[in-house]
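Visitor: File work-v4.txt below, compact mmCIF, C-alpha atoms (C1' of nucleotides):
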```txt
# COMPACT_ATOMS: atom_id res chain seq x y z
CA MET A 1 -19.55 -1.13 -79.25
CA SER A 2 -19.75 -0.26 -75.60
CA PRO A 3 -18.75 3.34 -75.03
CA ALA A 4 -19.01 4.65 -71.51
CA ALA A 5 -22.05 6.44 -70.31
CA THR A 6 -20.49 9.89 -70.25
CA MET A 7 -16.95 9.50 -71.63
CA ASP A 8 -15.37 7.34 -74.28
CA ASP A 9 -11.84 6.01 -73.84
CA THR A 10 -10.27 8.92 -75.70
CA ALA A 11 -11.99 11.48 -73.53
CA ALA A 12 -11.16 9.55 -70.36
CA THR A 13 -7.49 9.32 -71.36
CA GLY A 14 -7.42 13.05 -72.06
CA ALA A 15 -9.03 13.80 -68.70
CA LEU A 16 -6.43 11.61 -66.98
CA GLU A 17 -3.57 13.37 -68.76
CA GLN A 18 -4.93 16.74 -67.75
CA ALA A 19 -5.52 15.78 -64.12
CA ALA A 20 -2.11 14.14 -63.89
CA ASP A 21 -0.48 17.27 -65.28
CA ASP A 22 -2.36 19.49 -62.85
CA LEU A 23 -1.42 17.38 -59.83
CA PHE A 24 1.84 15.53 -60.54
CA TYR A 25 3.58 18.63 -61.82
CA VAL A 26 2.70 20.70 -58.77
CA HIS A 27 2.93 18.14 -55.96
CA GLY A 28 5.24 15.49 -57.40
CA VAL A 29 4.36 11.90 -58.22
CA ALA A 30 4.69 10.64 -54.65
CA GLY A 31 2.61 13.55 -53.37
CA VAL A 32 -0.51 12.67 -55.36
CA SER A 33 -2.75 9.64 -54.75
CA MET A 34 -4.79 7.74 -57.29
CA ALA A 35 -7.92 8.90 -55.46
CA GLN A 36 -6.93 12.52 -56.06
CA ILE A 37 -6.43 11.81 -59.75
CA ARG A 38 -9.91 10.27 -59.82
CA ASP A 39 -11.47 13.28 -58.10
CA ARG A 40 -9.74 15.74 -60.42
CA SER A 41 -10.39 13.84 -63.66
CA GLY A 42 -13.86 12.51 -62.98
CA VAL A 43 -12.67 9.11 -64.22
CA SER A 44 -13.56 6.26 -61.87
CA LEU A 45 -10.82 4.15 -60.28
CA ARG A 46 -12.03 1.13 -62.23
CA ARG A 47 -11.66 2.93 -65.53
CA MET A 48 -8.31 4.44 -64.56
CA TYR A 49 -6.96 0.96 -63.95
CA SER A 50 -8.38 -0.34 -67.23
CA ILE A 51 -6.52 2.44 -69.08
CA CYS A 52 -3.37 2.43 -66.89
CA PRO A 53 -2.85 -0.87 -65.08
CA SER A 54 -0.69 0.82 -62.43
CA LYS A 55 0.26 4.23 -61.11
CA SER A 56 3.59 3.84 -62.86
CA ASP A 57 1.76 3.54 -66.21
CA LEU A 58 -0.19 6.66 -65.40
CA VAL A 59 3.09 8.47 -64.79
CA SER A 60 4.31 7.31 -68.21
CA LEU A 61 1.10 8.51 -69.82
CA TRP A 62 1.54 11.88 -68.13
CA LEU A 63 5.21 12.28 -69.07
CA ARG A 64 4.52 11.48 -72.72
CA ALA A 65 1.61 13.92 -72.84
CA ARG A 66 3.60 16.64 -71.09
CA HIS A 67 6.47 16.15 -73.51
CA ARG A 68 4.15 16.76 -76.45
CA VAL A 69 2.45 19.77 -74.93
CA TRP A 70 5.56 21.42 -73.51
CA MET A 71 7.74 21.02 -76.60
CA ASP A 72 4.93 22.31 -78.72
CA GLY A 73 4.33 25.38 -76.59
CA PHE A 74 8.02 26.11 -76.28
CA SER A 75 8.89 25.77 -79.95
CA VAL A 76 5.88 27.83 -80.99
CA ALA A 77 6.90 30.60 -78.57
CA VAL A 78 10.50 30.54 -79.77
CA SER A 79 9.46 30.62 -83.41
CA ARG A 80 7.20 33.58 -82.76
CA ASN A 81 10.12 35.43 -81.13
CA LEU A 82 12.46 34.56 -83.99
CA ALA A 83 9.90 35.83 -86.48
CA THR A 84 9.89 39.26 -84.81
CA GLY A 85 13.64 39.55 -85.33
CA SER A 86 15.02 38.29 -81.99
CA ASP A 87 18.29 36.44 -82.14
CA PRO A 88 18.16 32.79 -80.98
CA THR A 89 19.44 33.64 -77.47
CA ASP A 90 16.69 36.17 -76.80
CA ALA A 91 14.07 34.01 -78.49
CA VAL A 92 14.86 31.10 -76.16
CA PHE A 93 15.19 33.00 -72.89
CA ASP A 94 12.18 35.21 -73.52
CA ALA A 95 10.12 32.08 -74.10
CA LEU A 96 11.45 30.55 -70.88
CA ALA A 97 10.79 33.73 -68.90
CA SER A 98 7.14 33.86 -69.88
CA TRP A 99 6.71 30.17 -69.02
CA MET A 100 8.24 30.81 -65.60
CA THR A 101 5.94 33.71 -64.79
CA ALA A 102 2.89 31.61 -65.58
CA THR A 103 0.98 30.40 -62.51
CA ASN A 104 2.08 27.16 -60.90
CA PHE A 105 5.59 27.19 -62.27
CA ARG A 106 7.56 24.58 -60.36
CA GLY A 107 10.55 23.93 -62.59
CA CYS A 108 10.93 21.17 -65.17
CA GLY A 109 8.49 18.31 -64.62
CA PHE A 110 10.97 15.85 -66.13
CA ILE A 111 13.91 16.92 -64.00
CA ASN A 112 11.67 16.90 -60.92
CA THR A 113 10.27 13.46 -61.65
CA HIS A 114 13.74 12.08 -62.21
CA ALA A 115 14.82 13.56 -58.89
CA GLU A 116 12.10 11.56 -57.09
CA SER A 117 14.27 8.50 -57.29
CA SER A 118 12.07 6.15 -55.27
CA GLU A 119 9.19 5.41 -57.64
CA LEU A 120 11.15 5.79 -60.89
CA THR A 121 11.07 2.98 -63.48
CA GLU A 122 13.30 2.35 -66.47
CA GLN A 123 10.43 3.39 -68.73
CA HIS A 124 10.19 6.77 -67.01
CA VAL A 125 13.93 7.31 -67.40
CA GLU A 126 13.64 6.61 -71.14
CA ILE A 127 10.86 9.15 -71.58
CA ILE A 128 12.73 11.76 -69.54
CA ARG A 129 15.95 11.29 -71.53
CA GLY A 130 13.96 11.39 -74.75
CA HIS A 131 12.48 14.73 -73.74
CA LYS A 132 15.86 16.24 -72.96
CA GLN A 133 17.39 14.88 -76.17
CA SER A 134 14.48 16.30 -78.11
CA LEU A 135 14.98 19.71 -76.51
CA ALA A 136 18.73 19.66 -77.21
CA ARG A 137 18.06 18.70 -80.84
CA TYR A 138 15.63 21.58 -81.19
CA LEU A 139 18.11 24.05 -79.67
CA SER A 140 20.80 22.74 -82.02
CA SER A 141 18.51 23.54 -84.95
CA ILE A 142 18.35 27.22 -84.03
CA SER A 143 21.75 27.95 -82.47
CA ALA A 144 25.44 27.30 -82.96
CA ASP A 145 25.89 25.08 -79.87
CA GLY A 146 22.64 23.43 -78.86
CA ASP A 147 24.20 21.15 -76.26
CA ALA A 148 25.81 24.03 -74.36
CA LEU A 149 22.62 26.05 -74.64
CA ALA A 150 20.61 23.11 -73.29
CA ILE A 151 22.76 23.08 -70.17
CA LEU A 152 22.19 26.79 -69.64
CA VAL A 153 18.46 26.26 -70.12
CA ASP A 154 18.27 23.42 -67.58
CA GLY A 155 20.43 25.31 -65.10
CA ALA A 156 18.25 28.40 -65.41
CA ILE A 157 15.02 26.40 -65.00
CA VAL A 158 16.31 24.59 -61.92
CA GLN A 159 17.55 27.78 -60.25
CA ALA A 160 14.39 29.69 -61.09
CA ALA A 161 12.38 26.93 -59.42
CA MET A 162 14.55 26.88 -56.29
CA PHE A 163 14.65 30.64 -55.83
CA GLY A 164 11.12 31.29 -57.03
CA SER A 165 12.47 34.01 -59.29
CA VAL A 166 13.16 34.68 -62.96
CA GLU A 167 16.49 36.29 -62.15
CA PRO A 168 18.51 33.22 -63.22
CA ILE A 169 17.26 33.95 -66.73
CA VAL A 170 19.26 37.17 -66.64
CA HIS A 171 22.47 35.31 -65.82
CA ALA A 172 21.83 32.52 -68.32
CA ARG A 173 21.03 34.99 -71.07
CA ARG A 174 24.23 36.90 -70.36
CA ALA A 175 26.19 33.64 -70.45
CA ALA A 176 24.67 32.69 -73.81
CA ARG A 177 25.36 36.13 -75.19
CA MET A 178 29.00 35.87 -74.14
CA MET A 179 29.23 32.40 -75.68
CA PHE A 180 27.76 33.30 -79.03
CA GLU A 181 29.22 36.77 -79.38
CA GLU A 182 31.04 37.31 -82.65
CA ARG A 183 34.80 37.42 -82.19
CA PRO A 184 36.70 39.73 -84.52
CA MET B 1 25.73 13.27 -16.39
CA SER B 2 23.85 10.54 -18.18
CA PRO B 3 25.58 9.59 -21.40
CA ALA B 4 24.15 6.76 -23.43
CA ALA B 5 25.37 3.25 -23.01
CA THR B 6 27.27 3.09 -26.28
CA MET B 7 26.94 6.53 -27.90
CA ASP B 8 26.77 10.05 -26.58
CA ASP B 9 24.57 12.65 -28.24
CA THR B 10 27.34 13.94 -30.47
CA ALA B 11 28.12 10.49 -31.77
CA ALA B 12 24.43 9.70 -32.26
CA THR B 13 23.92 12.93 -34.20
CA GLY B 14 26.91 12.13 -36.38
CA ALA B 15 25.62 8.62 -37.04
CA LEU B 16 22.23 10.06 -37.99
CA GLU B 17 23.82 12.54 -40.39
CA GLN B 18 25.83 9.80 -42.03
CA ALA B 19 22.90 7.39 -42.34
CA ALA B 20 20.66 10.16 -43.66
CA ASP B 21 23.25 11.07 -46.26
CA ASP B 22 23.67 7.44 -47.34
CA LEU B 23 19.94 6.89 -47.69
CA PHE B 24 18.21 10.22 -48.44
CA TYR B 25 20.71 11.15 -51.13
CA VAL B 26 20.31 7.87 -53.00
CA HIS B 27 16.61 7.11 -52.54
CA GLY B 28 15.11 10.53 -51.87
CA VAL B 29 13.46 11.70 -48.68
CA ALA B 30 10.09 10.09 -49.39
CA GLY B 31 11.80 6.82 -50.32
CA VAL B 32 13.42 6.28 -46.93
CA SER B 33 11.58 5.44 -43.70
CA MET B 34 12.58 6.34 -40.17
CA ALA B 35 13.04 2.61 -39.49
CA GLN B 36 15.63 2.41 -42.27
CA ILE B 37 17.50 5.37 -40.78
CA ARG B 38 17.48 3.56 -37.43
CA ASP B 39 18.81 0.34 -38.96
CA ARG B 40 21.56 2.15 -40.84
CA SER B 41 22.65 4.45 -38.01
CA GLY B 42 22.26 2.09 -35.07
CA VAL B 43 20.43 4.88 -33.22
CA SER B 44 17.16 3.76 -31.67
CA LEU B 45 13.87 5.36 -32.72
CA ARG B 46 13.47 6.80 -29.24
CA ARG B 47 16.82 8.55 -29.41
CA MET B 48 16.24 9.71 -32.99
CA TYR B 49 13.07 11.47 -31.90
CA SER B 50 14.80 13.02 -28.91
CA ILE B 51 17.41 14.52 -31.27
CA CYS B 52 15.05 15.28 -34.19
CA PRO B 53 11.40 15.62 -33.09
CA SER B 54 10.16 14.83 -36.60
CA LYS B 55 11.33 13.45 -39.92
CA SER B 56 11.31 16.98 -41.28
CA ASP B 57 13.87 17.98 -38.62
CA LEU B 58 16.02 15.02 -39.60
CA VAL B 59 15.91 16.25 -43.19
CA SER B 60 17.06 19.69 -42.02
CA LEU B 61 19.89 18.10 -40.02
CA TRP B 62 20.91 16.14 -43.11
CA LEU B 63 20.79 19.13 -45.48
CA ARG B 64 22.90 21.27 -43.17
CA ALA B 65 25.48 18.51 -42.73
CA ARG B 66 25.58 17.80 -46.44
CA HIS B 67 26.06 21.47 -47.19
CA ARG B 68 29.14 21.57 -44.93
CA VAL B 69 30.63 18.35 -46.28
CA TRP B 70 29.93 19.01 -49.94
CA MET B 71 31.13 22.61 -50.02
CA ASP B 72 34.24 21.58 -48.15
CA GLY B 73 35.06 18.73 -50.50
CA PHE B 74 34.31 20.82 -53.56
CA SER B 75 36.31 23.89 -52.57
CA VAL B 76 39.25 21.77 -51.49
CA ALA B 77 39.25 19.95 -54.83
CA VAL B 78 38.99 23.21 -56.77
CA SER B 79 41.81 24.80 -54.76
CA ARG B 80 44.02 21.80 -55.41
CA ASN B 81 43.37 22.11 -59.14
CA LEU B 82 44.04 25.86 -59.10
CA ALA B 83 47.30 25.25 -57.27
CA THR B 84 48.52 23.00 -60.06
CA GLY B 85 48.03 25.79 -62.58
CA SER B 86 44.53 25.04 -63.94
CA ASP B 87 42.44 28.01 -64.91
CA PRO B 88 39.20 28.44 -62.92
CA THR B 89 37.07 26.79 -65.60
CA ASP B 90 39.11 23.59 -65.63
CA ALA B 91 39.51 23.61 -61.86
CA VAL B 92 35.72 23.68 -61.40
CA PHE B 93 34.73 21.17 -64.05
CA ASP B 94 37.50 18.72 -63.20
CA ALA B 95 36.34 18.77 -59.59
CA LEU B 96 32.75 18.16 -60.70
CA ALA B 97 33.77 15.34 -63.03
CA SER B 98 35.55 13.41 -60.31
CA TRP B 99 32.58 13.85 -57.96
CA MET B 100 30.29 12.50 -60.67
CA THR B 101 32.35 9.40 -61.29
CA ALA B 102 32.31 8.51 -57.59
CA THR B 103 29.95 5.69 -56.68
CA ASN B 104 26.32 6.53 -55.94
CA PHE B 105 26.30 9.84 -57.82
CA ARG B 106 22.67 10.86 -58.17
CA GLY B 107 22.88 14.55 -58.95
CA CYS B 108 22.64 17.42 -56.48
CA GLY B 109 20.99 16.40 -53.20
CA PHE B 110 19.63 19.92 -52.73
CA ILE B 111 18.08 20.19 -56.17
CA ASN B 112 16.64 16.69 -55.79
CA THR B 113 15.18 17.40 -52.38
CA HIS B 114 13.63 20.62 -53.64
CA ALA B 115 12.10 18.71 -56.53
CA GLU B 116 10.30 16.40 -54.08
CA SER B 117 7.73 19.08 -53.52
CA SER B 118 5.37 17.12 -51.28
CA GLU B 119 7.29 16.91 -48.00
CA LEU B 120 9.17 20.20 -48.35
CA THR B 121 9.01 22.78 -45.54
CA GLU B 122 9.97 26.44 -45.53
CA GLN B 123 13.02 25.57 -43.43
CA HIS B 124 14.24 23.13 -46.07
CA VAL B 125 13.82 25.74 -48.79
CA GLU B 126 15.93 28.18 -46.78
CA ILE B 127 18.75 25.68 -46.35
CA ILE B 128 18.63 24.75 -50.03
CA ARG B 129 18.74 28.38 -51.16
CA GLY B 130 21.53 29.05 -48.70
CA HIS B 131 23.56 26.23 -50.22
CA LYS B 132 23.12 27.52 -53.76
CA GLN B 133 23.91 31.09 -52.72
CA SER B 134 27.03 29.85 -50.96
CA LEU B 135 28.13 27.97 -54.07
CA ALA B 136 27.52 30.99 -56.29
CA ARG B 137 29.48 33.19 -53.89
CA TYR B 138 32.38 30.76 -53.96
CA LEU B 139 32.34 30.62 -57.76
CA SER B 140 32.27 34.42 -57.87
CA SER B 141 35.43 34.45 -55.76
CA ILE B 142 37.37 32.47 -58.34
CA SER B 143 35.87 33.54 -61.69
CA ALA B 144 34.74 36.61 -63.56
CA ASP B 145 31.00 35.72 -63.58
CA GLY B 146 30.11 33.40 -60.72
CA ASP B 147 26.35 33.63 -61.27
CA ALA B 148 26.60 32.51 -64.89
CA LEU B 149 29.06 29.79 -63.94
CA ALA B 150 26.71 28.58 -61.20
CA ILE B 151 23.98 28.07 -63.80
CA LEU B 152 26.32 26.04 -65.98
CA VAL B 153 27.33 23.97 -62.96
CA ASP B 154 23.74 23.21 -61.95
CA GLY B 155 22.76 22.44 -65.54
CA ALA B 156 25.69 20.07 -65.92
CA ILE B 157 24.95 18.29 -62.63
CA VAL B 158 21.28 17.84 -63.48
CA GLN B 159 21.99 16.52 -66.97
CA ALA B 160 24.76 14.22 -65.76
CA ALA B 161 22.30 12.73 -63.26
CA MET B 162 19.55 12.23 -65.85
CA PHE B 163 21.79 10.70 -68.50
CA GLY B 164 24.03 8.81 -66.10
CA SER B 165 27.05 10.24 -67.90
CA VAL B 166 29.77 12.84 -67.44
CA GLU B 167 29.39 14.03 -71.02
CA PRO B 168 27.44 17.16 -70.00
CA ILE B 169 30.66 18.30 -68.33
CA VAL B 170 32.23 18.50 -71.77
CA HIS B 171 29.52 20.81 -73.05
CA ALA B 172 29.47 22.95 -69.91
CA ARG B 173 33.24 23.30 -69.92
CA ARG B 174 33.15 24.36 -73.56
CA ALA B 175 30.45 26.90 -72.77
CA ALA B 176 32.48 28.35 -69.89
CA ARG B 177 35.57 28.49 -72.05
CA MET B 178 33.67 30.42 -74.71
CA MET B 179 32.25 32.77 -72.07
CA PHE B 180 35.52 33.61 -70.41
CA GLU B 181 37.72 33.68 -73.50
CA GLU B 182 39.75 36.86 -73.81
CA ARG B 183 38.49 39.13 -76.53
CA PRO B 184 41.12 41.12 -78.41
C1' DT C 1 -38.84 -7.58 -72.84
C1' DC C 2 -35.03 -9.82 -71.16
C1' DA C 3 -30.36 -11.36 -70.54
C1' DT C 4 -25.54 -9.62 -71.05
C1' DG C 5 -21.82 -7.28 -70.10
C1' DA C 6 -19.65 -3.19 -69.01
C1' DT C 7 -19.70 0.71 -65.66
C1' DG C 8 -19.38 3.76 -61.42
C1' DA C 9 -19.38 4.30 -56.47
C1' DG C 10 -17.29 3.01 -52.94
C1' DA C 11 -16.05 -0.74 -49.55
C1' DA C 12 -12.36 -3.92 -48.61
C1' DC C 13 -7.65 -5.53 -48.37
C1' DG C 14 -2.88 -5.65 -47.40
C1' DA C 15 1.11 -3.25 -46.93
C1' DG C 16 3.70 0.59 -45.32
C1' DT C 17 4.44 4.88 -42.53
C1' DA C 18 5.49 8.49 -38.78
C1' DT C 19 5.06 8.76 -34.22
C1' DT C 20 4.13 7.20 -29.44
C1' DC C 21 4.05 3.93 -25.77
C1' DT C 22 5.46 -0.13 -22.82
C1' DC C 23 8.53 -2.50 -20.26
C1' DA C 24 12.53 -4.86 -19.05
C1' DC C 25 17.21 -3.44 -18.37
C1' DC C 26 21.29 -1.16 -17.11
C1' DT C 27 24.11 2.55 -15.29
C1' DG C 28 25.54 5.77 -11.85
C1' DG C 29 25.07 7.70 -7.15
C1' DC C 30 24.18 6.55 -2.18
C1' DG D 1 23.07 -3.70 -2.29
C1' DC D 2 19.51 -0.49 -3.83
C1' DC D 3 16.99 3.13 -6.07
C1' DA D 4 15.86 6.52 -9.92
C1' DG D 5 16.08 7.77 -14.29
C1' DG D 6 17.28 7.29 -18.80
C1' DT D 7 17.71 3.70 -22.59
C1' DG D 8 16.85 0.17 -26.36
C1' DA D 9 13.82 -3.12 -28.56
C1' DG D 10 9.98 -3.38 -30.49
C1' DA D 11 4.74 -3.41 -29.98
C1' DA D 12 0.89 -0.35 -30.64
C1' DT D 13 -1.60 3.46 -32.89
C1' DA D 14 -3.66 5.82 -36.33
C1' DC D 15 -3.32 6.75 -40.32
C1' DT D 16 -2.52 6.72 -46.00
C1' DC D 17 -2.05 4.44 -50.27
C1' DG D 18 -2.22 1.27 -54.41
C1' DT D 19 -4.97 -2.10 -55.97
C1' DT D 20 -8.95 -5.28 -56.14
C1' DC D 21 -13.63 -6.58 -55.28
C1' DT D 22 -18.80 -6.10 -54.75
C1' DC D 23 -22.96 -4.85 -56.32
C1' DA D 24 -26.57 -2.11 -58.01
C1' DT D 25 -27.34 0.22 -62.45
C1' DC D 26 -27.96 0.79 -67.21
C1' DA D 27 -27.47 0.74 -72.25
C1' DT D 28 -27.49 -2.52 -75.77
C1' DG D 29 -28.58 -6.61 -79.02
C1' DA D 30 -31.75 -10.46 -79.62
```
As a first step, turn the structure in this file into structure tokens.
Guide:
Amino acid sequence: MSPAATMDDTAATGALEQAADDLFYVHGVAGVSMAQIRDRSGVSLRRMYSICPSKSDLVSLWLRARHRVWMDGFSVAVSRNLATGSDPTDAVFDALASWMTATNFRGCGFINTHAESSELTEQHVEIIRGHKQSLARYLSSISADGDALAILVDGAIVQAAMFGSVEPIVHARRAARMMFEERP
Amino acid sequence: MSPAATMDDTAATGALEQAADDLFYVHGVAGVSMAQIRDRSGVSLRRMYSICPSKSDLVSLWLRARHRVWMDGFSVAVSRNLATGSDPTDAVFDALASWMTATNFRGCGFINTHAESSELTEQHVEIIRGHKQSLARYLSSISADGDALAILVDGAIVQAAMFGSVEPIVHARRAARMMFEERP
DNA sequence: TCATGATGAGAACGAGTATTCTCACCTGGC
DNA sequence: GCCAGGTGAGAATACTCGTTCTCATCATGA
């Protein structure tokens, strides 16, 4: 074999995913250069291009990794809330609220990347749609109308990002409560 | 006076707003160069920079113009629907649906511009927040919970853009109907 | 020990960008 | 007719970026 001096391919890929998440999420894809990814990850340009033949492939790698990590964190948080007796509405919006108050919150990385229309490829669009479908499927598994809830969730995330505030969560939670309220 | 050979300042500004809307909305701010704006508008670079001293100022000009045009078109469409007897929910989502099926629909220009975090200035953020506050105020004037409705609207727009489909309107309309349904 | 092949550091390349500058031209006032 | 000042076309400037190339280095297998 010929493993690298300090990092094998698995470690290098992981370092790239982490650096891409740190930088692309905060500054957008167009706002981050390959040189910045190299500096942040410690992976040389040569190795970056042997793992991802183009910046577009690096974006795909990042989106797939972020999908895994985000869905995992979100569903774990929701499950924890459900286990303490919250109803699905509170479980979902409490999980969102604590994500939003974490440092560096800048909205949904998938929505934001899709909004950067210039450098977007068909592959990126597929990953982004897959993420949103996966989220809607998960919400459907815990609530009576997952598709409607998914729209409230995306609307709340987008508004929270634009206003730099968690207040939209209050409105979205109220909307969900009104939707799912039992009718005599 | 010294008006331009073929265009006075008002006409040049209007041509810039139109070209910016054609190009920035579809390709994003970072995806359009000043030279492309010149080609599309017919306004020379020299004149562009005398009207807007930087690209960032051109973006502000565009956002303000788009706010005026979009809010006008939207509120007129909603009023027309209300006048024919639609309830507020149908009036709003029918207006959105016909906007979305127009050519070149690419989601909300304000949300998209905010998502392009790299070239965003504080002035842009103010205009974007002003637009969303204006929309929420308008929705509050025609419905019982304008803030909740605004979140459904933004969620539906964002999802329609990502999936290239008007189907999210169906889910959002259903959610609004459930929210505003009379309870005995 | 020596040749091999992969690696990292960084220079090089080619394209694209925002912004400024040059200069020939044209218009309006005298 | 003639001048002054503003104008358009586009060259020039001073970058930045994605991608490729060079070359010295170094671990490995014979």
Visitor: Provide the atom CA of Arg173 of chain A to atom CA of Ala160 of chain B distance in Å, to one decimal place.
Guide: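 Atom CA of Ala160 of chain B lies at a distance of 21.8 Å from atom CA of Arg173 of chain A.
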Visitor: Taking all atoms listed in the file into account, name the residue in A:Met100, A:Ala11, A:Asp22, A:Leu63 that is nearest to Ala161 of chain A.
Guide: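 Once distances to Ala161 of chain A are computed over all atoms listed in the file, the minimum belongs to A:Met100.
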Visitor: Quick one: residues within 6 Å of Ala95 of chain B, only C-alpha atoms (C1' of nucleotides) counted, chain neighbours fewer than 3 positions away excluded, as a ChimeraX atom specification?
Guide: /B:77-78,92,98
Visitor: Hey, can you pull every residue with an atom no more than 10 Å from (16.9, 22.7, -50.7), using only C-alpha atoms (C1' of nucleotides), and send it as a PyMOL selection string?
Guide: (chain A and resi 162-163) or (chain B and resi 59-60+63-64+67+108-116+120-132)
Visitor: Which residue gives the smallest distance to chain B among C:DT7, C:DT27, C:DT1, C:DT22, with all atoms listed in the file counted?
Guide: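 Closest to chain B, using all atoms listed in the file: C:DT27.
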Visitor: When you get a sec, could you note down which chain C residues fall within 12 Å of chain B, using all atoms listed in the file, as a ChimeraX atom specification?
Guide: /C:16-21,25-29
Visitor: Would you kindly report the residues of chain D within 9 Å of chain A, using only C-alpha atoms (C1' of nucleotides), as a VMD selection string?
Guide: chain D and resid 17 to 19 26 to 28
Visitor: For C-alpha atoms (C1' of nucleotides), I'd like the residues from the last selection saved as a PDB file, in the frame of the given file.
Guide:
```pdb
ATOM      1  C1'  DC D  17      -2.050   4.440 -50.270  1.00  0.00           C
ATOM      2  C1'  DG D  18      -2.220   1.270 -54.410  1.00  0.00           C
ATOM      3  C1'  DT D  19      -4.970  -2.100 -55.970  1.00  0.00           C
ATOM      4  C1'  DC D  26     -27.960   0.790 -67.210  1.00  0.00           C
ATOM      5  C1'  DA D  27     -27.470   0.740 -72.250  1.00  0.00           C
ATOM      6  C1'  DT D  28     -27.490  -2.520 -75.770  1.00  0.00           C
TER       7       DT D  28
END
```
Visitor: I need the chain A residues near chain B as a ChimeraX atom specification; criterion: at most 6 Å, counting all atoms listed in the file.
Guide: /A:27-28,31,112,115-118,148,151-152,154-156,171-172,175,178-179
Visitor: Just write the chosen residues, C-alpha atoms, as a PDB file, in the coordinates of the input.
Guide:
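The resulting file, out_36.pdb, is reproduced below:
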```pdb
ATOM      1  CA  HIS A  27       2.930  18.140 -55.960  1.00  0.00           C
ATOM      2  CA  GLY A  28       5.240  15.490 -57.400  1.00  0.00           C
ATOM      3  CA  GLY A  31       2.610  13.550 -53.370  1.00  0.00           C
ATOM      4  CA  ASN A 112      11.670  16.900 -60.920  1.00  0.00           C
ATOM      5  CA  ALA A 115      14.820  13.560 -58.890  1.00  0.00           C
ATOM      6  CA  GLU A 116      12.100  11.560 -57.090  1.00  0.00           C
ATOM      7  CA  SER A 117      14.270   8.500 -57.290  1.00  0.00           C
ATOM      8  CA  SER A 118      12.070   6.150 -55.270  1.00  0.00           C
ATOM      9  CA  ALA A 148      25.810  24.030 -74.360  1.00  0.00           C
ATOM     10  CA  ILE A 151      22.760  23.080 -70.170  1.00  0.00           C
ATOM     11  CA  LEU A 152      22.190  26.790 -69.640  1.00  0.00           C
ATOM     12  CA  ASP A 154      18.270  23.420 -67.580  1.00  0.00           C
ATOM     13  CA  GLY A 155      20.430  25.310 -65.100  1.00  0.00           C
ATOM     14  CA  ALA A 156      18.250  28.400 -65.410  1.00  0.00           C
ATOM     15  CA  HIS A 171      22.470  35.310 -65.820  1.00  0.00           C
ATOM     16  CA  ALA A 172      21.830  32.520 -68.320  1.00  0.00           C
ATOM     17  CA  ALA A 175      26.190  33.640 -70.450  1.00  0.00           C
ATOM     18  CA  MET A 178      29.000  35.870 -74.140  1.00  0.00           C
ATOM     19  CA  MET A 179      29.230  32.400 -75.680  1.00  0.00           C
TER      20      MET A 179
END
```
Visitor: Can you measure atom CA of Leu16 of chain B to atom CA of Ser41 of chain B for me? One decimal in Å is fine.
Guide: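 Between atom CA of Leu16 of chain B and atom CA of Ser41 of chain B the gap is 5.6 Å.
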Visitor: Rounded to one decimal place, report the atom CA of Trp62 of chain B-atom CA of Ala91 of chain B distance in Å.
Guide: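 Distance reported for this atom pair: 27.4 Å.
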Visitor: Could you add whatever atoms are missing so that segment 121-130 of chain A carries N, CA and C atoms, then write the result as a PDB file, keeping the file's coordinate frame?
Guide:
```pdb
ATOM      1  N   THR A 121      10.825   4.214 -62.734  1.00  0.00           N
ATOM      2  CA  THR A 121      11.070   2.980 -63.480  1.00  0.00           C
ATOM      3  C   THR A 121      11.966   3.266 -64.690  1.00  0.00           C
ATOM      4  N   GLU A 122      12.452   2.198 -65.295  1.00  0.00           N
ATOM      5  CA  GLU A 122      13.300   2.350 -66.470  1.00  0.00           C
ATOM      6  C   GLU A 122      12.538   3.049 -67.611  1.00  0.00           C
ATOM      7  N   GLN A 123      11.244   2.756 -67.694  1.00  0.00           N
ATOM      8  CA  GLN A 123      10.430   3.390 -68.730  1.00  0.00           C
ATOM      9  C   GLN A 123      10.367   4.918 -68.527  1.00  0.00           C
ATOM     10  N   HIS A 124      10.202   5.333 -67.276  1.00  0.00           N
ATOM     11  CA  HIS A 124      10.190   6.770 -67.010  1.00  0.00           C
ATOM     12  C   HIS A 124      11.512   7.409 -67.431  1.00  0.00           C
ATOM     13  N   VAL A 125      12.619   6.755 -67.068  1.00  0.00           N
ATOM     14  CA  VAL A 125      13.930   7.310 -67.400  1.00  0.00           C
ATOM     15  C   VAL A 125      14.060   7.488 -68.916  1.00  0.00           C
ATOM     16  N   GLU A 126      13.568   6.497 -69.671  1.00  0.00           N
ATOM     17  CA  GLU A 126      13.640   6.610 -71.140  1.00  0.00           C
ATOM     18  C   GLU A 126      12.870   7.814 -71.654  1.00  0.00           C
ATOM     19  N   ILE A 127      11.665   8.023 -71.120  1.00  0.00           N
ATOM     20  CA  ILE A 127      10.860   9.150 -71.580  1.00  0.00           C
ATOM     21  C   ILE A 127      11.526  10.470 -71.219  1.00  0.00           C
ATOM     22  N   ILE A 128      12.077  10.532 -70.016  1.00  0.00           N
ATOM     23  CA  ILE A 128      12.730  11.760 -69.540  1.00  0.00           C
ATOM     24  C   ILE A 128      13.957  12.077 -70.412  1.00  0.00           C
ATOM     25  N   ARG A 129      14.773  11.056 -70.661  1.00  0.00           N
ATOM     26  CA  ARG A 129      15.950  11.290 -71.530  1.00  0.00           C
ATOM     27  C   ARG A 129      15.511  11.686 -72.930  1.00  0.00           C
ATOM     28  N   GLY A 130      14.461  11.044 -73.420  1.00  0.00           N
ATOM     29  CA  GLY A 130      13.960  11.390 -74.750  1.00  0.00           C
ATOM     30  C   GLY A 130      13.540  12.853 -74.821  1.00  0.00           C
TER      31      GLY A 130
END
```
